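Have a look at structure_33.pdb; it's PDB, C-alpha atoms:
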```
ATOM      1  CA  MET U   1       0.000   0.000   0.000
ATOM      2  CA  GLN U   2       1.538   3.271  -1.059
ATOM      3  CA  PRO U   3       0.777   6.409   0.929
ATOM      4  CA  LEU U   4      -0.805   9.326  -0.782
ATOM      5  CA  ARG U   5       1.248  12.379  -1.486
ATOM      6  CA  ARG U   6       1.347  14.565   1.596
ATOM      7  CA  PRO U   7      -0.385  17.859   1.034
ATOM      8  CA  ASP U   8       1.903  20.826   0.679
ATOM      9  CA  PRO U   9       1.422  22.733   3.952
ATOM     10  CA  ASP U  10       2.057  26.094   2.338
ATOM     11  CA  PRO U  11       1.361  25.934  -1.385
ATOM     12  CA  PRO U  12       2.255  28.909  -3.545
ATOM     13  CA  PRO U  13      -0.654  31.048  -4.700
ATOM     14  CA  THR U  14      -2.253  29.845  -7.922
ATOM     15  CA  ALA U  15      -5.086  30.979 -10.148
ATOM     16  CA  LEU U  16      -8.493  29.819  -9.001
ATOM     17  CA  HIS U  17      -9.111  27.500 -11.939
ATOM     18  CA  GLU U  18      -5.632  25.978 -11.565
ATOM     19  CA  HIS U  19      -6.334  25.334  -7.905
ATOM     20  CA  ALA U  20      -9.648  23.717  -8.852
ATOM     21  CA  ALA U  21      -7.881  21.479 -11.356
ATOM     22  CA  GLU U  22      -5.303  20.529  -8.724
ATOM     23  CA  GLN U  23      -8.048  19.665  -6.257
ATOM     24  CA  LEU U  24      -9.799  17.472  -8.822
ATOM     25  CA  ALA U  25      -6.518  15.701  -9.606
ATOM     26  CA  PHE U  26      -5.920  15.217  -5.889
ATOM     27  CA  ILE U  27      -9.382  13.691  -5.414
ATOM     28  CA  ARG U  28      -8.903  11.390  -8.403
ATOM     29  CA  ASP U  29      -5.508  10.286  -7.098
ATOM     30  CA  ALA U  30      -6.894   9.625  -3.620
ATOM     31  CA  MET U  31      -9.769   7.579  -5.038
ATOM     32  CA  GLU U  32      -7.507   5.586  -7.335
ATOM     33  CA  ARG U  33      -5.100   4.685  -4.554
ATOM     34  CA  ALA U  34      -7.836   3.932  -2.059
ATOM     35  CA  GLY U  35      -9.641   1.952  -4.759
ATOM     36  CA  THR U  36      -6.939  -0.697  -4.560
ATOM     37  CA  PHE U  37      -8.501  -1.732  -1.276
ATOM     38  CA  THR U  38     -11.481  -3.191  -3.033
ATOM     39  CA  ALA U  39     -10.009  -4.557  -6.242
ATOM     40  CA  VAL U  40     -10.534  -8.081  -4.925
ATOM     41  CA  PRO U  41     -14.100  -9.099  -4.101
ATOM     42  CA  GLY U  42     -14.092 -11.273  -0.979
ATOM     43  CA  TRP U  43     -17.401 -13.028  -1.554
ATOM     44  CA  GLY U  44     -16.361 -13.667  -5.153
ATOM     45  CA  ALA U  45     -13.279 -15.480  -3.858
ATOM     46  CA  VAL U  46     -15.490 -17.529  -1.530
ATOM     47  CA  ALA U  47     -17.648 -18.545  -4.512
ATOM     48  CA  MET U  48     -14.530 -19.422  -6.513
ATOM     49  CA  GLY U  49     -13.412 -21.578  -3.591
ATOM     50  CA  GLY U  50     -16.764 -23.364  -3.575
ATOM     51  CA  SER U  51     -16.570 -24.131  -7.281
ATOM     52  CA  ALA U  52     -12.972 -25.363  -6.858
ATOM     53  CA  LEU U  53     -14.078 -27.802  -4.149
ATOM     54  CA  VAL U  54     -16.706 -29.212  -6.497
ATOM     55  CA  ALA U  55     -14.157 -29.391  -9.316
ATOM     56  CA  SER U  56     -11.551 -31.159  -7.194
ATOM     57  CA  ALA U  57     -14.110 -33.786  -6.118
ATOM     58  CA  ALA U  58     -15.226 -34.274  -9.722
ATOM     59  CA  ALA U  59     -11.646 -34.388 -11.034
ATOM     60  CA  ALA U  60     -10.661 -37.061  -8.521
ATOM     61  CA  LEU U  61     -13.379 -39.333  -9.948
ATOM     62  CA  GLN U  62     -12.216 -39.071 -13.567
ATOM     63  CA  PRO U  63     -10.794 -42.269 -15.096
ATOM     64  CA  SER U  64      -8.267 -40.573 -17.368
ATOM     65  CA  ARG U  65      -5.794 -37.694 -17.193
ATOM     66  CA  ALA U  66      -7.446 -36.058 -20.182
ATOM     67  CA  GLN U  67     -10.808 -35.955 -18.430
ATOM     68  CA  TRP U  68      -9.129 -34.816 -15.217
ATOM     69  CA  LEU U  69      -7.533 -31.932 -17.098
ATOM     70  CA  ALA U  70     -10.819 -31.122 -18.839
ATOM     71  CA  ILE U  71     -12.511 -30.718 -15.445
ATOM     72  CA  TRP U  72      -9.868 -28.279 -14.266
ATOM     73  CA  VAL U  73      -9.915 -26.311 -17.516
ATOM     74  CA  LEU U  74     -13.693 -26.048 -17.111
ATOM     75  CA  GLU U  75     -13.167 -24.935 -13.521
ATOM     76  CA  LEU U  76     -10.756 -22.262 -14.735
ATOM     77  CA  GLY U  77     -13.493 -20.859 -16.951
ATOM     78  CA  VAL U  78     -16.037 -20.953 -14.125
ATOM     79  CA  ALA U  79     -13.613 -19.271 -11.708
ATOM     80  CA  VAL U  80     -12.745 -16.528 -14.199
ATOM     81  CA  GLY U  81     -16.452 -15.918 -14.769
ATOM     82  CA  ILE U  82     -17.165 -15.699 -11.049
ATOM     83  CA  GLY U  83     -14.152 -13.474 -10.379
ATOM     84  CA  VAL U  84     -14.830 -11.019 -13.197
ATOM     85  CA  THR U  85     -18.567 -10.830 -12.407
ATOM     86  CA  ALA U  86     -17.949 -10.301  -8.695
ATOM     87  CA  MET U  87     -15.335  -7.635  -9.355
ATOM     88  CA  LEU U  88     -17.584  -5.722 -11.750
ATOM     89  CA  ARG U  89     -20.541  -5.962  -9.357
ATOM     90  CA  LYS U  90     -18.436  -4.620  -6.527
ATOM     91  CA  LEU U  91     -17.037  -1.762  -8.586
ATOM     92  CA  ARG U  92     -20.558  -0.831  -9.696
ATOM     93  CA  ALA U  93     -21.928  -1.081  -6.157
ATOM     94  CA  GLU U  94     -19.264   1.297  -4.925
ATOM     95  CA  ARG U  95     -19.676   3.567  -7.896
ATOM     96  CA  SER U  96     -15.882   3.426  -8.116
ATOM     97  CA  LEU U  97     -15.427   4.103 -11.774
ATOM     98  CA  GLN U  98     -12.372   6.005 -10.565
ATOM     99  CA  ALA U  99     -10.848   2.644  -9.625
ATOM    100  CA  ARG U 100     -10.029   1.716 -13.229
ATOM    101  CA  LYS U 101      -6.371   2.622 -12.859
ATOM    102  CA  PRO U 102      -5.690   0.474  -9.771
ATOM    103  CA  LEU U 103      -7.695  -2.332 -11.359
ATOM    104  CA  ARG U 104      -5.492  -2.126 -14.460
ATOM    105  CA  ARG U 105      -2.372  -2.126 -12.262
ATOM    106  CA  PHE U 106      -3.697  -5.139 -10.378
ATOM    107  CA  LEU U 107      -4.409  -7.054 -13.581
ATOM    108  CA  LEU U 108      -1.044  -6.187 -15.129
ATOM    109  CA  ALA U 109       0.671  -7.684 -12.091
ATOM    110  CA  PHE U 110      -1.748 -10.602 -11.745
ATOM    111  CA  LEU U 111      -2.023 -11.929 -15.297
ATOM    112  CA  PRO U 112       1.604 -12.676 -16.349
ATOM    113  CA  PRO U 113       2.177 -15.442 -13.757
ATOM    114  CA  ILE U 114      -1.218 -16.896 -14.714
ATOM    115  CA  TRP U 115      -0.105 -16.946 -18.337
ATOM    116  CA  VAL U 116       3.099 -18.752 -17.320
ATOM    117  CA  GLY U 117       1.066 -21.382 -15.467
ATOM    118  CA  ALA U 118      -1.223 -21.853 -18.461
ATOM    119  CA  LEU U 119       1.738 -22.239 -20.839
ATOM    120  CA  LEU U 120       3.480 -24.746 -18.573
ATOM    121  CA  THR U 121       0.353 -26.883 -18.564
ATOM    122  CA  VAL U 122       0.774 -27.824 -22.227
ATOM    123  CA  PRO U 123       4.329 -29.292 -22.168
ATOM    124  CA  LEU U 124       3.818 -30.922 -18.768
ATOM    125  CA  TYR U 125       0.695 -32.680 -19.997
ATOM    126  CA  ARG U 126       2.198 -33.674 -23.351
ATOM    127  CA  SER U 127       5.343 -35.072 -21.729
ATOM    128  CA  ASP U 128       3.215 -37.195 -19.411
ATOM    129  CA  ARG U 129       4.250 -35.185 -16.342
ATOM    130  CA  ALA U 130       0.712 -34.195 -15.398
ATOM    131  CA  GLU U 131       1.415 -35.069 -11.770
ATOM    132  CA  LEU U 132       3.393 -31.813 -11.647
ATOM    133  CA  LEU U 133       0.424 -29.711 -12.757
ATOM    134  CA  PRO U 134      -1.029 -29.112  -9.251
ATOM    135  CA  ALA U 135       2.341 -27.720  -8.116
ATOM    136  CA  ALA U 136       2.728 -25.607 -11.268
ATOM    137  CA  TRP U 137      -0.800 -24.196 -10.957
ATOM    138  CA  LEU U 138      -0.572 -23.478  -7.233
ATOM    139  CA  LEU U 139       2.850 -21.841  -7.592
ATOM    140  CA  SER U 140       1.943 -19.696 -10.602
ATOM    141  CA  TYR U 141      -1.423 -18.691  -9.147
ATOM    142  CA  GLY U 142       0.249 -17.899  -5.827
ATOM    143  CA  ALA U 143       2.832 -15.740  -7.600
ATOM    144  CA  ALA U 144      -0.006 -13.947  -9.415
ATOM    145  CA  VAL U 145      -1.881 -13.281  -6.186
ATOM    146  CA  VAL U 146       1.266 -12.064  -4.417
ATOM    147  CA  SER U 147       2.216  -9.657  -7.214
ATOM    148  CA  GLY U 148      -1.347  -8.473  -7.854
ATOM    149  CA  GLY U 149      -1.897  -8.277  -4.114
ATOM    150  CA  ALA U 150       0.852  -5.694  -3.814
ATOM    151  CA  PHE U 151      -1.800  -3.238  -5.044
ATOM    152  CA  SER U 152      -4.547  -4.564  -2.816
ATOM    153  CA  VAL U 153      -5.317  -5.109   0.839
ATOM    154  CA  ARG U 154      -2.773  -6.912   3.004
ATOM    155  CA  PRO U 155      -4.581 -10.271   3.287
ATOM    156  CA  VAL U 156      -4.405 -10.729  -0.499
ATOM    157  CA  PRO U 157      -0.613 -11.131  -0.829
ATOM    158  CA  ALA U 158      -0.756 -13.285   2.313
ATOM    159  CA  MET U 159      -3.183 -15.553   0.463
ATOM    160  CA  GLY U 160      -0.732 -15.662  -2.428
ATOM    161  CA  LEU U 161       2.073 -16.774  -0.141
ATOM    162  CA  ALA U 162      -0.175 -19.526   1.198
ATOM    163  CA  PHE U 163      -0.787 -20.743  -2.374
ATOM    164  CA  MET U 164       2.958 -20.728  -3.056
ATOM    165  CA  ALA U 165       3.678 -22.621   0.161
ATOM    166  CA  LEU U 166       1.106 -25.219  -0.818
ATOM    167  CA  GLY U 167       2.599 -25.412  -4.310
ATOM    168  CA  THR U 168       5.995 -26.088  -2.773
ATOM    169  CA  VAL U 169       4.464 -28.912  -0.737
ATOM    170  CA  ALA U 170       2.822 -30.238  -3.905
ATOM    171  CA  LEU U 171       6.223 -30.521  -5.617
ATOM    172  CA  ALA U 172       7.327 -33.021  -2.992
ATOM    173  CA  ALA U 173       3.978 -34.721  -2.415
ATOM    174  CA  ALA U 174       2.827 -37.989  -3.924
ATOM    175  CA  PRO U 175       0.923 -37.623  -7.236
ATOM    176  CA  ALA U 176      -2.198 -39.040  -5.596
ATOM    177  CA  ALA U 177      -2.317 -36.024  -3.275
ATOM    178  CA  GLY U 178      -2.713 -33.595  -6.188
ATOM    179  CA  ASP U 179      -6.493 -33.232  -6.009
ATOM    180  CA  LEU U 180      -6.440 -32.857  -2.239
ATOM    181  CA  LEU U 181      -3.821 -30.101  -2.447
ATOM    182  CA  LEU U 182      -5.785 -28.354  -5.209
ATOM    183  CA  ALA U 183      -8.906 -28.566  -3.046
ATOM    184  CA  ILE U 184      -7.051 -27.117  -0.055
ATOM    185  CA  GLY U 185      -5.545 -24.367  -2.218
ATOM    186  CA  PHE U 186      -8.139 -23.252  -4.750
ATOM    187  CA  GLY U 187     -10.972 -24.288  -2.414
ATOM    188  CA  GLY U 188      -9.829 -23.713   1.157
ATOM    189  CA  ILE U 189      -7.536 -20.709   0.772
ATOM    190  CA  HIS U 190     -10.063 -18.926  -1.462
ATOM    191  CA  ILE U 191     -12.889 -19.529   0.990
ATOM    192  CA  VAL U 192     -10.981 -18.560   4.140
ATOM    193  CA  GLY U 193      -9.137 -15.615   2.565
ATOM    194  CA  GLY U 194     -12.218 -14.389   0.701
ATOM    195  CA  TRP U 195     -14.345 -14.579   3.813
ATOM    196  CA  PHE U 196     -11.754 -12.561   5.737
ATOM    197  CA  VAL U 197     -11.499  -9.911   2.996
ATOM    198  CA  ALA U 198     -15.282  -9.695   2.697
ATOM    199  CA  ARG U 199     -15.828  -9.315   6.438
ATOM    200  CA  ARG U 200     -13.018  -6.878   7.024
ATOM    201  CA  TYR U 201     -13.120  -4.787   3.858
ATOM    202  CA  GLY U 202     -16.746  -5.030   2.885
ATOM    203  CA  GLY U 203     -17.981  -7.415   0.180
TER     204      GLY U 203
ATOM    205  CA  MET B   1     -19.966  -5.840  19.156
ATOM    206  CA  ALA B   2     -19.321  -2.608  17.335
ATOM    207  CA  ARG B   3     -20.688   0.559  18.833
ATOM    208  CA  HIS B   4     -21.915   2.932  16.187
ATOM    209  CA  THR B   5     -21.849   6.585  16.955
ATOM    210  CA  SER B   6     -24.098   8.604  14.782
ATOM    211  CA  ALA B   7     -22.377  11.519  13.155
ATOM    212  CA  ARG B   8     -22.886  14.569  15.307
ATOM    213  CA  ARG B   9     -23.780  17.879  13.791
ATOM    214  CA  THR B  10     -22.218  21.103  14.828
ATOM    215  CA  ASP B  11     -24.422  23.743  16.365
ATOM    216  CA  ALA B  12     -23.491  26.126  13.609
ATOM    217  CA  PRO B  13     -25.804  26.373  10.635
ATOM    218  CA  ALA B  14     -24.817  24.387   7.576
ATOM    219  CA  ASN B  15     -23.849  27.394   5.539
ATOM    220  CA  ALA B  16     -21.407  28.502   8.238
ATOM    221  CA  ALA B  17     -19.083  25.798   7.011
ATOM    222  CA  THR B  18     -18.987  27.293   3.566
ATOM    223  CA  GLU B  19     -17.206  30.264   2.167
ATOM    224  CA  VAL B  20     -17.942  32.301  -0.907
ATOM    225  CA  VAL B  21     -14.995  32.455  -3.249
ATOM    226  CA  ALA B  22     -14.603  36.159  -3.840
ATOM    227  CA  GLY B  23     -14.298  37.070  -7.473
ATOM    228  CA  SER B  24     -14.964  33.543  -8.589
ATOM    229  CA  PRO B  25     -17.357  32.909 -11.427
ATOM    230  CA  GLY B  26     -20.808  32.724  -9.952
ATOM    231  CA  ALA B  27     -19.435  33.425  -6.470
ATOM    232  CA  LEU B  28     -19.327  29.715  -5.634
ATOM    233  CA  ALA B  29     -19.669  28.663  -2.028
ATOM    234  CA  LEU B  30     -16.971  26.200  -1.058
ATOM    235  CA  ASP B  31     -17.371  23.664   1.705
ATOM    236  CA  ARG B  32     -14.529  24.500   4.066
ATOM    237  CA  VAL B  33     -14.813  21.172   5.869
ATOM    238  CA  ILE B  34     -13.988  19.258   2.692
ATOM    239  CA  HIS B  35     -11.768  21.910   1.108
ATOM    240  CA  GLU B  36      -8.890  21.138   3.477
ATOM    241  CA  ARG B  37      -6.708  18.551   1.733
ATOM    242  CA  THR B  38      -6.309  15.989   4.471
ATOM    243  CA  ARG B  39     -10.075  15.888   5.019
ATOM    244  CA  LEU B  40     -10.591  15.839   1.263
ATOM    245  CA  ALA B  41      -8.301  12.801   1.027
ATOM    246  CA  ILE B  42     -10.184  11.034   3.836
ATOM    247  CA  VAL B  43     -13.542  11.666   2.196
ATOM    248  CA  SER B  44     -12.221  10.623  -1.241
ATOM    249  CA  ALA B  45     -10.778   7.382   0.138
ATOM    250  CA  LEU B  46     -14.032   6.580   1.929
ATOM    251  CA  ALA B  47     -16.025   7.355  -1.219
ATOM    252  CA  VAL B  48     -14.599   4.263  -2.941
ATOM    253  CA  ASN B  49     -14.773   1.939   0.081
ATOM    254  CA  ASP B  50     -17.686   0.764   2.191
ATOM    255  CA  GLU B  51     -15.595   1.433   5.272
ATOM    256  CA  LEU B  52     -11.963   1.813   6.266
ATOM    257  CA  SER B  53     -10.304   1.262   9.608
ATOM    258  CA  PHE B  54      -8.325   3.942  11.404
ATOM    259  CA  ASN B  55      -5.100   2.079  10.608
ATOM    260  CA  ASP B  56      -5.981   1.650   6.935
ATOM    261  CA  LEU B  57      -6.623   5.367   6.601
ATOM    262  CA  LYS B  58      -3.492   6.231   8.542
ATOM    263  CA  HIS B  59      -1.263   4.112   6.277
ATOM    264  CA  LEU B  60      -3.042   5.101   3.088
ATOM    265  CA  LEU B  61      -2.859   8.830   3.770
ATOM    266  CA  ASP B  62       0.506   8.713   5.562
ATOM    267  CA  LEU B  63      -0.874  10.541   8.596
ATOM    268  CA  THR B  64       0.016  10.466  12.261
ATOM    269  CA  ASP B  65      -2.529   9.144  14.761
ATOM    270  CA  GLY B  66      -3.162  12.627  16.139
ATOM    271  CA  ASN B  67      -3.551  14.279  12.765
ATOM    272  CA  LEU B  68      -5.984  11.662  11.505
ATOM    273  CA  SER B  69      -7.984  11.814  14.732
ATOM    274  CA  VAL B  70      -8.383  15.583  14.525
ATOM    275  CA  HIS B  71      -9.495  15.623  10.902
ATOM    276  CA  ALA B  72     -11.748  12.570  11.245
ATOM    277  CA  ARG B  73     -13.436  14.201  14.236
ATOM    278  CA  LYS B  74     -14.124  17.360  12.212
ATOM    279  CA  LEU B  75     -15.686  15.284   9.453
ATOM    280  CA  GLU B  76     -17.711  13.378  12.026
ATOM    281  CA  GLU B  77     -18.943  16.614  13.600
ATOM    282  CA  ALA B  78     -19.997  17.873  10.177
ATOM    283  CA  GLY B  79     -22.003  14.678   9.652
ATOM    284  CA  TYR B  80     -19.887  13.600   6.679
ATOM    285  CA  VAL B  81     -18.333  10.554   8.292
ATOM    286  CA  ALA B  82     -19.719   7.969  10.708
ATOM    287  CA  CYS B  83     -17.461   6.197  13.147
ATOM    288  CA  ALA B  84     -17.928   2.771  14.726
ATOM    289  CA  LYS B  85     -15.716   1.694  17.595
ATOM    290  CA  GLY B  86     -15.398  -1.927  18.532
ATOM    291  CA  PHE B  87     -12.997  -4.737  19.249
ATOM    292  CA  GLU B  88     -11.428  -7.395  17.085
ATOM    293  CA  GLY B  89     -10.574  -9.935  19.742
ATOM    294  CA  ARG B  90      -8.964  -7.743  22.366
ATOM    295  CA  ILE B  91      -7.694  -5.151  19.946
ATOM    296  CA  PRO B  92      -9.718  -1.949  19.697
ATOM    297  CA  ARG B  93     -10.792  -1.129  16.155
ATOM    298  CA  THR B  94     -12.258   2.064  14.750
ATOM    299  CA  LEU B  95     -14.088   1.951  11.443
ATOM    300  CA  TYR B  96     -15.068   4.955   9.351
ATOM    301  CA  ARG B  97     -17.611   5.182   6.587
ATOM    302  CA  LEU B  98     -18.903   8.017   4.457
ATOM    303  CA  THR B  99     -22.452   9.098   5.243
ATOM    304  CA  ALA B 100     -24.992   9.982   2.567
ATOM    305  CA  GLU B 101     -24.510  13.612   3.553
ATOM    306  CA  GLY B 102     -20.753  13.240   3.153
ATOM    307  CA  ARG B 103     -21.177  11.747  -0.314
ATOM    308  CA  ARG B 104     -23.475  14.591  -1.303
ATOM    309  CA  ALA B 105     -20.956  17.106   0.033
ATOM    310  CA  LEU B 106     -18.150  15.516  -1.987
ATOM    311  CA  GLU B 107     -20.283  15.495  -5.129
ATOM    312  CA  ALA B 108     -21.175  19.144  -4.560
ATOM    313  CA  TYR B 109     -17.524  19.998  -4.050
ATOM    314  CA  LEU B 110     -16.585  18.189  -7.254
ATOM    315  CA  GLY B 111     -19.324  20.110  -9.013
ATOM    316  CA  HIS B 112     -17.954  23.395  -7.704
ATOM    317  CA  MET B 113     -14.442  22.620  -8.865
ATOM    318  CA  GLU B 114     -15.661  21.595 -12.319
ATOM    319  CA  ALA B 115     -17.837  24.727 -12.536
ATOM    320  CA  LEU B 116     -14.856  26.912 -11.718
ATOM    321  CA  ILE B 117     -12.822  25.340 -14.515
ATOM    322  CA  ARG B 118     -15.714  25.534 -17.000
ATOM    323  CA  ALA B 119     -16.396  29.174 -16.161
ATOM    324  CA  THR B 120     -12.746  30.090 -16.640
ATOM    325  CA  ARG B 121     -12.632  28.352 -20.015
ATOM    326  CA  ALA B 122     -15.869  30.021 -21.108
ATOM    327  CA  GLY B 123     -14.669  33.422 -19.960
TER     328      GLY B 123
END
```
Mind turning this structure into structure tokens?
Amino acid sequence: MQPLRRPDPDPPPTALHEHAAEQLAFIRDAMERAGTFTAVPGWGAVAMGGSALVASAAAALQPSRAQWLAIWVLELGVAVGIGVTAMLRKLRAERSLQARKPLRRFLLAFLPPIWVGALLTVPLYRSDRAELLPAAWLLSYGAAVVSGGAFSVRPVPAMGLAFMALGTVALAAAPAAGDLLLAIGFGGIHIVGGWFVARRYGG
Amino acid sequence: MARHTSARRTDAPANAATEVVAGSPGALALDRVIHERTRLAIVSALAVNDELSFNDLKHLLDLTDGNLSVHARKLEEAGYVACAKGFEGRIPRTLYRLTAEGRRALEAYLGHMEALIRATRAG
């Protein structure tokens, strides 16, 4: 969280319209920086956690790796839909159209590690190393949440670190534990962290 | 259990907290409570959040405890901000939120600033 610029205690005299423009810029800046507090919708994360729990249970029942992967790709689409919808609803509810800049900053930090995780999925699956996918997904998603969370409230990067810690465990864990670790991560961490964000920061 | 304190109004009439900008186009009345930059920053930050804690505001605005307390109290007295004091476990927690009156005041202030700029351009 970056502090706002401190107001100049004794600003030089300026023309009235210039002062008005400065005040408007100051308000916009304050709103943009404060808007980072709400870039992440807590209840949306809880819903994403719920869908991940369902997906992990369904994935564990699949007879083949291809079907297992299909379930998680489907879950990715569901989670993105929930996240984007919840974020837009929250921005609209707060009338924080001024929050576009922090949202853009958040996404620019959040999306590259996600892209890395998505790209890694292809060679790992093709080379029959799909047992490494839970670790790759948890680590890349954790990195995304940590970097995006730098522009959000403090619990968000903490959630990211929890994902990365779980991803590190997944690297050393038995392949059979993959679905359980994904359930704990994408399900449990989302639900607990989202609930905390929603209760403490409103929605 | 949080204890909500309703925003208290000052005894002074509402227009006592405004000043007419001499020589300004249309002699606009500025809200002195919001015009001060620290209070303006507090109101702006609260405008895009349901509520913020004392510590969140302090870190966000880079203010000392005393400075934030003074300005938050002035906003509370003007009815622009509501304060709820409570505990999170054993730790005291103070939450601030913008009242409907505070939001209207900010919108009016924004309108005044925009009117000043428009009038200068037109003139």
Discussion item. Can you spell out as a list in words the set of residues that the PyMOL selection byres ((chain U and resi 148) around 8) selects in the structure I just provided?
Written reply: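 Selected by the PyMOL selection byres ((chain U and resi 148) around 8) here: Arg105, Phe106, Leu107, Leu108, Ala109, Phe110, Ala144, Val145, Val146, Ser147, Gly149, Ala150, Phe151, Ser152 and Pro157 of chain U.
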Computed gap from CA of Gly193 in chain U to CA of Leu133 in chain U is 22.9 Å
Can you turn the PyMOL selection byres ((chain B and resi 109) around 8) into a concrete residue list for this file, as a list in words?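 For this structure, the PyMOL selection byres ((chain B and resi 109) around 8) captures Leu30, Asp31, Ile34, His35, Ala105, Leu106, Glu107, Ala108, Leu110, Gly111, His112 and Met113 of chain B.
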Interface rows for chain B against chain U: nearest pair, Å to one decimal, 8 Å, only C-alpha atoms, as CSV:
```
residue,atom,partner,partner_atom,distance
B:Ser24,CA,U:Leu16,CA,7.5
B:Arg37,CA,U:Pro7,CA,6.4
B:Thr38,CA,U:Pro7,CA,7.1
B:Leu40,CA,U:Ile27,CA,7.1
B:Ala41,CA,U:Ala30,CA,5.8
B:Ser44,CA,U:Met31,CA,5.4
B:Ala45,CA,U:Ala34,CA,5.0
B:Leu46,CA,U:Ala34,CA,7.8
B:Ala47,CA,U:Met31,CA,7.3
B:Val48,CA,U:Ser96,CA,5.4
B:Asn49,CA,U:Glu94,CA,6.8
B:Asp50,CA,U:Gly202,CA,5.9
B:Glu51,CA,U:Tyr201,CA,6.8
B:Leu52,CA,U:Tyr201,CA,7.1
B:His59,CA,U:Pro3,CA,6.2
B:Leu60,CA,U:Pro3,CA,4.6
B:Leu61,CA,U:Leu4,CA,5.0
B:Asp62,CA,U:Pro3,CA,5.2
B:Leu110,CA,U:Leu24,CA,7.0
B:Met113,CA,U:Ala20,CA,4.9
B:Glu114,CA,U:Ala20,CA,7.3
B:Leu116,CA,U:His17,CA,5.8
B:Ile117,CA,U:His17,CA,5.0
B:Thr120,CA,U:His17,CA,6.5
```
Same residues, C-alpha atoms, saved as a short mmCIF file (atom, residue, chain, number, x, y, z; two decimals), in the frame of the given file:
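Written out: selection13.cif:
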```cif
data_model
loop_
_atom_site.label_atom_id
_atom_site.label_comp_id
_atom_site.auth_asym_id
_atom_site.auth_seq_id
_atom_site.Cartn_x
_atom_site.Cartn_y
_atom_site.Cartn_z
CA SER B 24 -14.96 33.54 -8.59
CA ARG B 37 -6.71 18.55 1.73
CA THR B 38 -6.31 15.99 4.47
CA LEU B 40 -10.59 15.84 1.26
CA ALA B 41 -8.30 12.80 1.03
CA SER B 44 -12.22 10.62 -1.24
CA ALA B 45 -10.78 7.38 0.14
CA LEU B 46 -14.03 6.58 1.93
CA ALA B 47 -16.02 7.36 -1.22
CA VAL B 48 -14.60 4.26 -2.94
CA ASN B 49 -14.77 1.94 0.08
CA ASP B 50 -17.69 0.76 2.19
CA GLU B 51 -15.60 1.43 5.27
CA LEU B 52 -11.96 1.81 6.27
CA HIS B 59 -1.26 4.11 6.28
CA LEU B 60 -3.04 5.10 3.09
CA LEU B 61 -2.86 8.83 3.77
CA ASP B 62 0.51 8.71 5.56
CA LEU B 110 -16.58 18.19 -7.25
CA MET B 113 -14.44 22.62 -8.86
CA GLU B 114 -15.66 21.60 -12.32
CA LEU B 116 -14.86 26.91 -11.72
CA ILE B 117 -12.82 25.34 -14.52
CA THR B 120 -12.75 30.09 -16.64
#
```
Show me, as AutoDock Vina command-line options, the centre and edge lengths in Å to one decimal of the axis-aligned box that covers every listed atom of range 42-51 of chain U with 4 Å on each side.
```
--center_x -15.5 --center_y -17.7 --center_z -4.1 --size_x 12.4 --size_y 20.9 --size_z 14.3
```
Next on the checklist: Taking 3 positions as the minimum chain separation for residues in the same chain, which residues sit within 10 Å of Ala52 in chain U when counting all atoms listed in the file? Answer as an MDAnalysis selection string.
Outcome noted: chainID U and resid 46:49 55:58 72 75:76 78:79 182:188 190:191
Got time to write the residues from that selection, C-alpha atoms, as a compact mmCIF listing (two decimals), keeping the file's coordinate frame?
```
# COMPACT_ATOMS: atom_id res chain seq x y z
CA VAL U 46 -15.49 -17.53 -1.53
CA ALA U 47 -17.65 -18.55 -4.51
CA MET U 48 -14.53 -19.42 -6.51
CA GLY U 49 -13.41 -21.58 -3.59
CA ALA U 55 -14.16 -29.39 -9.32
CA SER U 56 -11.55 -31.16 -7.19
CA ALA U 57 -14.11 -33.79 -6.12
CA ALA U 58 -15.23 -34.27 -9.72
CA TRP U 72 -9.87 -28.28 -14.27
CA GLU U 75 -13.17 -24.94 -13.52
CA LEU U 76 -10.76 -22.26 -14.74
CA VAL U 78 -16.04 -20.95 -14.12
CA ALA U 79 -13.61 -19.27 -11.71
CA LEU U 182 -5.78 -28.35 -5.21
CA ALA U 183 -8.91 -28.57 -3.05
CA ILE U 184 -7.05 -27.12 -0.06
CA GLY U 185 -5.54 -24.37 -2.22
CA PHE U 186 -8.14 -23.25 -4.75
CA GLY U 187 -10.97 -24.29 -2.41
CA GLY U 188 -9.83 -23.71 1.16
CA HIS U 190 -10.06 -18.93 -1.46
CA ILE U 191 -12.89 -19.53 0.99
```
Could you jot down the CA of Ala15 in chain U to CA of Arg32 in chain B separation for me, Å, one decimal place?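 Separation of CA of Ala15 in chain U and CA of Arg32 in chain B: 18.3 Å.
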Atom pair CA of Ile91 in chain B + CA of Pro155 in chain U, distance 17.7 Å
For Trp195 in chain U, work out the shell of residues within 8 Å, counting all atoms listed in the file and skipping chain neighbours fewer than 2 positions away, then give it as JSON, numbers by chain.
{"U": [42, 43, 45, 46, 191, 192, 193, 197, 198, 199]}
Find the residues near Ala60 in chain U: any atom within 12 Å, counting only C-alpha atoms, skip ones fewer than 4 places away on the same chain, and give them as a PyMOL selection string. chain U and resi 53-56+64-65+67-72+175-183
Kindly resolve the PyMOL selection byres ((chain B and resi 74) around 12) on the present coordinates and return the residues as number ranges by chain.
B: 7-10, 17, 32-34, 36, 38-40, 42-43, 67-73, 75-83, 102
Practice task
List every protein, DNA or RNA residue with an atom no more than 12 Å from (-10.9, -0.5, 19.3) in the file's coordinates, counting all atoms listed in the file, and format the result as a PyMOL selection string.
Solution key: chain B and resi 1-4+53-55+83-95
